[in-house]
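**Q** If you scroll down you'll find the structure; I have some questions about it.
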Amino acid sequence: MKIKISPSILSANFACLGNECRRVCSGGADLVHVDVMDGCFVPNITIGAPVVRSIKPYSNIPLDVHLMIDRPERYIDDFIDSGADIITVHFEATDKLDWIIDRIHAKGVKASVSVKPNTNVDVLYPYLEKLDMVLIMTVEPGFGGQKLIEHTIPKISELRNKCVSLGLETDIEVDGGITPHNISRISKAGANVFVAGSAVFKAESIADAISQLRAGAESGRI
Ligand code: DX5
Ligand code: ZN
């Protein structure tokens with residue numbers, strides 16, 4: 001599976017998000033990860049569809065939009081129309097998953113579903129064949145800069161094995177607490193898309209941080 005690094009602009013300077021997007025693009029990122037939080041599904045509030053629309057012209061790589069919002073079906077059209085290239089919704093946030101996935105695909109956008117650390121990954125098996133990506137949260141969603149929760153790692157292997165057994169080349173993304181020190185073993189477990197917020201934005205050089213993460217992920221690649 002192709003390794004992709006998706007820096008999370010949650011750790012960027014919100015006063016100059018356009019420029020921050022440009023910095024990750026020129027630093028060699030594959031995707032720009034945009035964390036949308038509603039203060040309801042998670043105990044934090046970040047940005048909405050107008051901000052996604054505003055940063056779109058500043059990115060020459062796909063926008064990977066992570067919706068941490070309750071009942072995302074209410075706003076899915078806004079995010080599709082904002083220029084998102086991949087949209088992730090949470091399994092725990094809706095009972096309209098089938099409808100949401102179809103809606104995203106109908107407008108030519110990639111669809112992904114995420115599970116929180118304490119949600120088993122097998123809840124997603126009925127949807128796997130129509131998902132472009134699955135996001136396994138490696139921290140409780142809500143804040144950057146947390147430590148990776150170890151018990152989430154076996155879920156990655158379980159999901160990769162399931163995809164292989166079905167002949168699917170589904171992207172498996174991980175999000176939260178990813179560092180140059182742990183990325184190799186997470187890659188080895190079967191993840192191939194890596195979100196990193198603090199590991200990228202707190203580094204002295206964004207380009208160096210991204211290449212270090214990529215090298216670590218490549219070394220564990222399955
Ligand atoms: C957390 C967000 C993450 C966050 C990751 O709820 O979904 O994308 O920005 O930040 P780090 O890499 O600092 O854990
Ligand atoms: Zn995220």
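Residue numbering restarts at 1 in every chain; chains get A, B, ... in the order shown in the structure tokens, and ligands count up from 1 in that same order.
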With only C-alpha atoms as the counted atoms, please give the residues lying no more than 10 Å from Pro50 in chain A, apart from itself and same-chain residues fewer than 5 positions off, as a ChimeraX atom specification.
**A** /A:55,78-79,81-82
**Q** Can you build me a table of chain A residues sitting at most 8 Å from ligand 1, with the closest atom pair per residue and its distance in Å to one decimal, using only C-alpha atoms and all ligand atoms, sorted by chain and residue number, as CSV?
**A**
```
residue,atom,partner,partner_atom_place_in_ligand_line,distance
A:Pro7,CA,ligand 1,12 (O),7.8
A:Ser8,CA,ligand 1,9 (O),5.0
A:Ile9,CA,ligand 1,9 (O),6.9
A:Leu10,CA,ligand 1,9 (O),4.9
A:Ser11,CA,ligand 1,9 (O),6.2
A:His33,CA,ligand 1,8 (O),6.8
A:Val34,CA,ligand 1,8 (O),7.3
A:Asp35,CA,ligand 1,7 (O),5.6
A:His66,CA,ligand 1,7 (O),6.8
A:Met68,CA,ligand 1,7 (O),7.6
A:Met137,CA,ligand 1,7 (O),7.5
A:Val139,CA,ligand 1,1 (C),6.9
A:Glu140,CA,ligand 1,6 (O),6.4
A:Pro141,CA,ligand 1,6 (O),3.3
A:Gly142,CA,ligand 1,6 (O),3.8
A:Phe143,CA,ligand 1,1 (C),4.6
A:Gly144,CA,ligand 1,10 (O),3.5
A:Gly145,CA,ligand 1,13 (O),3.6
A:Gln146,CA,ligand 1,14 (O),5.1
A:Lys147,CA,ligand 1,14 (O),6.9
A:Leu148,CA,ligand 1,14 (O),7.5
A:Asp175,CA,ligand 1,8 (O),5.4
A:Gly176,CA,ligand 1,14 (O),3.5
A:Gly177,CA,ligand 1,14 (O),3.8
A:Ile178,CA,ligand 1,12 (O),5.4
A:Thr179,CA,ligand 1,12 (O),7.5
A:Val195,CA,ligand 1,8 (O),6.1
A:Ala196,CA,ligand 1,12 (O),3.7
A:Gly197,CA,ligand 1,12 (O),3.5
A:Ser198,CA,ligand 1,13 (O),3.8
A:Ala199,CA,ligand 1,12 (O),6.0
A:Val200,CA,ligand 1,12 (O),7.8
```
**Q** Find the residues around Cys40 in chain A up to 12 Å (only C-alpha atoms counted), leave out those fewer than 6 positions away in its own chain, and share them as number ranges by chain.
**A** A: 46, 67-72, 93, 141-142
**Q** What lies within 6 Å of range 154-164 of chain A using only C-alpha atoms, ignoring chain neighbours under 3 positions off, as a list in words?
**A**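 So the residues in contact are Gly167, Leu168, Ala189 and Gly190 of chain A.
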**Q** Record the distance separating CA of Val123 in chain A and CA of His90 in chain A, expressed in Å with one decimal.
**A**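 We find that CA of Val123 in chain A and CA of His90 in chain A lie 11.6 Å from each other.
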**Q** List as a list in words the protein and nucleic acid residues near range 104-109 of chain A, meaning an atom at most 8 Å away when only C-alpha atoms are counted, but skip any in the same chain fewer than 2 places from it.
**A**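 Final neighbour list, sorted by chain and number: Ile76, Ile80, Ala84, Asp85, Ile86, Ile87, Ile100, Ile101, Asp102 and Ala111 of chain A.
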**Q** For the residues selected in the previous step, produce a file with N, CA and C atoms as a PDB file, in the first residue's frame.
**A**
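Okay, out-v9.pdb is ready:
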```pdb
ATOM      1  N   ILE A  76     -23.437  17.257   5.558  1.00  0.00           N
ATOM      2  CA  ILE A  76     -22.553  16.576   4.614  1.00  0.00           C
ATOM      3  C   ILE A  76     -22.467  17.316   3.276  1.00  0.00           C
ATOM      4  N   ILE A  80     -19.084  18.504   1.300  1.00  0.00           N
ATOM      5  CA  ILE A  80     -18.821  18.022  -0.069  1.00  0.00           C
ATOM      6  C   ILE A  80     -18.577  19.236  -0.977  1.00  0.00           C
ATOM      7  N   ALA A  84     -13.736  19.459  -0.159  1.00  0.00           N
ATOM      8  CA  ALA A  84     -13.100  18.294   0.477  1.00  0.00           C
ATOM      9  C   ALA A  84     -12.902  17.199  -0.569  1.00  0.00           C
ATOM     10  N   ASP A  85     -11.776  16.505  -0.508  1.00  0.00           N
ATOM     11  CA  ASP A  85     -11.518  15.415  -1.462  1.00  0.00           C
ATOM     12  C   ASP A  85     -11.790  14.052  -0.843  1.00  0.00           C
ATOM     13  N   ILE A  86     -11.583  13.956   0.468  1.00  0.00           N
ATOM     14  CA  ILE A  86     -11.913  12.747   1.220  1.00  0.00           C
ATOM     15  C   ILE A  86     -12.669  13.224   2.454  1.00  0.00           C
ATOM     16  N   ILE A  87     -13.807  12.594   2.739  1.00  0.00           N
ATOM     17  CA  ILE A  87     -14.554  12.984   3.941  1.00  0.00           C
ATOM     18  C   ILE A  87     -14.688  11.774   4.850  1.00  0.00           C
ATOM     19  N   ILE A 100     -25.048   8.421   4.000  1.00  0.00           N
ATOM     20  CA  ILE A 100     -23.947   9.398   3.940  1.00  0.00           C
ATOM     21  C   ILE A 100     -22.885   8.957   2.933  1.00  0.00           C
ATOM     22  N   ILE A 101     -22.513   7.675   3.000  1.00  0.00           N
ATOM     23  CA  ILE A 101     -21.469   7.170   2.090  1.00  0.00           C
ATOM     24  C   ILE A 101     -21.936   7.340   0.637  1.00  0.00           C
ATOM     25  N   ASP A 102     -23.175   6.972   0.379  1.00  0.00           N
ATOM     26  CA  ASP A 102     -23.699   7.089  -0.990  1.00  0.00           C
ATOM     27  C   ASP A 102     -23.751   8.547  -1.443  1.00  0.00           C
ATOM     28  N   ALA A 111     -15.065   8.492   0.335  1.00  0.00           N
ATOM     29  CA  ALA A 111     -15.768   8.332   1.614  1.00  0.00           C
ATOM     30  C   ALA A 111     -14.982   7.446   2.569  1.00  0.00           C
TER      31      ALA A 111
END
```
**Q** For a quick check of understanding, using only C-alpha atoms and all ligand atoms, which of A:Ser205, A:Thr88, A:Gln212, A:Ser219 has the smallest distance to ligand 2?
**A** A:Thr88
**Q** When you draw a straight line from CA of Lys202 in chain A to CA of Pro180 in chain A, how long is it in Å?
**A**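 The value is 12.8 Å.
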**Q** Where does DSSP see helix (DSSP H, G or I) in range 144-190 of chain A, if you list the residues as a PyMOL selection string?
**A** chain A and resi 150-166+183-189
**Q** Considering only C-alpha atoms, return as a ChimeraX atom specification whatever protein or nucleic-acid residues lie within 7 Å of range 129-134 of chain A, sequence-local ones (same chain, fewer than 2 positions apart) excluded.
**A** /A:110-114,127,136,170-173
**Q** Please produce a file of those selected residues containing all heavy atoms, as a PDB file, in the first residue's frame.
**A**
```pdb
ATOM      1  N   LYS A 110     -14.295  11.027  -2.072  1.00  0.00           N
ATOM      2  CA  LYS A 110     -13.978   9.747  -1.428  1.00  0.00           C
ATOM      3  C   LYS A 110     -14.601   9.686  -0.036  1.00  0.00           C
ATOM      4  O   LYS A 110     -14.613  10.691   0.687  1.00  0.00           O
ATOM      5  CB  LYS A 110     -12.473   9.555  -1.340  1.00  0.00           C
ATOM      6  CG  LYS A 110     -11.866   9.293  -2.706  1.00  0.00           C
ATOM      7  CD  LYS A 110     -10.417   8.906  -2.597  1.00  0.00           C
ATOM      8  CE  LYS A 110      -9.902   8.507  -3.972  1.00  0.00           C
ATOM      9  NZ  LYS A 110      -8.457   8.372  -3.983  1.00  0.00           N
ATOM     10  N   ALA A 111     -15.065   8.492   0.335  1.00  0.00           N
ATOM     11  CA  ALA A 111     -15.768   8.332   1.614  1.00  0.00           C
ATOM     12  C   ALA A 111     -14.982   7.446   2.569  1.00  0.00           C
ATOM     13  O   ALA A 111     -14.416   6.417   2.179  1.00  0.00           O
ATOM     14  CB  ALA A 111     -17.150   7.723   1.370  1.00  0.00           C
ATOM     15  N   SER A 112     -14.979   7.879   3.826  1.00  0.00           N
ATOM     16  CA  SER A 112     -14.256   7.147   4.861  1.00  0.00           C
ATOM     17  C   SER A 112     -15.068   7.188   6.158  1.00  0.00           C
ATOM     18  O   SER A 112     -15.821   8.132   6.398  1.00  0.00           O
ATOM     19  CB  SER A 112     -12.883   7.821   5.053  1.00  0.00           C
ATOM     20  OG  SER A 112     -12.327   7.569   6.311  1.00  0.00           O
ATOM     21  N   VAL A 113     -14.908   6.141   6.970  1.00  0.00           N
ATOM     22  CA  VAL A 113     -15.587   6.115   8.271  1.00  0.00           C
ATOM     23  C   VAL A 113     -14.535   5.851   9.336  1.00  0.00           C
ATOM     24  O   VAL A 113     -13.571   5.104   9.127  1.00  0.00           O
ATOM     25  CB  VAL A 113     -16.704   5.046   8.311  1.00  0.00           C
ATOM     26  CG1 VAL A 113     -17.379   5.009   9.679  1.00  0.00           C
ATOM     27  CG2 VAL A 113     -17.749   5.327   7.242  1.00  0.00           C
ATOM     28  N   SER A 114     -14.723   6.475  10.491  1.00  0.00           N
ATOM     29  CA  SER A 114     -13.780   6.336  11.592  1.00  0.00           C
ATOM     30  C   SER A 114     -14.412   5.651  12.796  1.00  0.00           C
ATOM     31  O   SER A 114     -15.621   5.790  13.036  1.00  0.00           O
ATOM     32  CB  SER A 114     -13.279   7.723  12.028  1.00  0.00           C
ATOM     33  OG  SER A 114     -12.361   7.586  13.101  1.00  0.00           O
ATOM     34  N   TYR A 127     -19.720  -2.248   5.695  1.00  0.00           N
ATOM     35  CA  TYR A 127     -19.565  -1.106   4.783  1.00  0.00           C
ATOM     36  C   TYR A 127     -18.270  -1.162   3.981  1.00  0.00           C
ATOM     37  O   TYR A 127     -18.052  -0.360   3.079  1.00  0.00           O
ATOM     38  CB  TYR A 127     -19.576   0.213   5.588  1.00  0.00           C
ATOM     39  CG  TYR A 127     -20.762   0.339   6.504  1.00  0.00           C
ATOM     40  CD1 TYR A 127     -20.685  -0.057   7.840  1.00  0.00           C
ATOM     41  CD2 TYR A 127     -21.972   0.831   6.024  1.00  0.00           C
ATOM     42  CE1 TYR A 127     -21.782   0.042   8.688  1.00  0.00           C
ATOM     43  CE2 TYR A 127     -23.078   0.936   6.868  1.00  0.00           C
ATOM     44  CZ  TYR A 127     -22.980   0.542   8.189  1.00  0.00           C
ATOM     45  OH  TYR A 127     -24.066   0.644   9.004  1.00  0.00           O
ATOM     46  N   ILE A 136      -8.803   4.695  11.811  1.00  0.00           N
ATOM     47  CA  ILE A 136      -8.778   4.142  13.167  1.00  0.00           C
ATOM     48  C   ILE A 136      -8.170   5.197  14.087  1.00  0.00           C
ATOM     49  O   ILE A 136      -6.989   5.552  13.950  1.00  0.00           O
ATOM     50  CB  ILE A 136      -7.967   2.826  13.198  1.00  0.00           C
ATOM     51  CG1 ILE A 136      -8.691   1.800  12.308  1.00  0.00           C
ATOM     52  CG2 ILE A 136      -7.797   2.324  14.631  1.00  0.00           C
ATOM     53  CD1 ILE A 136      -8.218   0.397  12.425  1.00  0.00           C
ATOM     54  N   THR A 170      -8.051  -1.174   0.666  1.00  0.00           N
ATOM     55  CA  THR A 170      -8.605   0.000   1.348  1.00  0.00           C
ATOM     56  C   THR A 170      -7.488   0.743   2.086  1.00  0.00           C
ATOM     57  O   THR A 170      -6.665   0.121   2.757  1.00  0.00           O
ATOM     58  CB  THR A 170      -9.672  -0.471   2.359  1.00  0.00           C
ATOM     59  OG1 THR A 170     -10.547  -1.380   1.693  1.00  0.00           O
ATOM     60  CG2 THR A 170     -10.454   0.689   2.936  1.00  0.00           C
ATOM     61  N   ASP A 171      -7.485   2.065   1.961  1.00  0.00           N
ATOM     62  CA  ASP A 171      -6.544   2.848   2.759  1.00  0.00           C
ATOM     63  C   ASP A 171      -6.937   2.726   4.227  1.00  0.00           C
ATOM     64  O   ASP A 171      -8.125   2.829   4.567  1.00  0.00           O
ATOM     65  CB  ASP A 171      -6.592   4.329   2.352  1.00  0.00           C
ATOM     66  CG  ASP A 171      -5.795   4.609   1.079  1.00  0.00           C
ATOM     67  OD1 ASP A 171      -4.786   3.914   0.829  1.00  0.00           O
ATOM     68  OD2 ASP A 171      -6.180   5.533   0.341  1.00  0.00           O
ATOM     69  N   ILE A 172      -5.950   2.515   5.095  1.00  0.00           N
ATOM     70  CA  ILE A 172      -6.199   2.529   6.537  1.00  0.00           C
ATOM     71  C   ILE A 172      -5.415   3.696   7.129  1.00  0.00           C
ATOM     72  O   ILE A 172      -4.180   3.734   7.072  1.00  0.00           O
ATOM     73  CB  ILE A 172      -5.818   1.194   7.205  1.00  0.00           C
ATOM     74  CG1 ILE A 172      -6.642   0.043   6.599  1.00  0.00           C
ATOM     75  CG2 ILE A 172      -6.027   1.283   8.726  1.00  0.00           C
ATOM     76  CD1 ILE A 172      -6.359  -1.331   7.202  1.00  0.00           C
ATOM     77  N   GLU A 173      -6.172   4.651   7.669  1.00  0.00           N
ATOM     78  CA  GLU A 173      -5.565   5.859   8.230  1.00  0.00           C
ATOM     79  C   GLU A 173      -5.549   5.748   9.747  1.00  0.00           C
ATOM     80  O   GLU A 173      -6.482   5.194  10.346  1.00  0.00           O
ATOM     81  CB  GLU A 173      -6.378   7.081   7.800  1.00  0.00           C
ATOM     82  CG  GLU A 173      -5.828   8.421   8.288  1.00  0.00           C
ATOM     83  CD  GLU A 173      -6.600   9.617   7.698  1.00  0.00           C
ATOM     84  OE1 GLU A 173      -7.823   9.725   7.933  1.00  0.00           O
ATOM     85  OE2 GLU A 173      -5.977  10.459   7.025  1.00  0.00           O
TER      86      GLU A 173
END
```
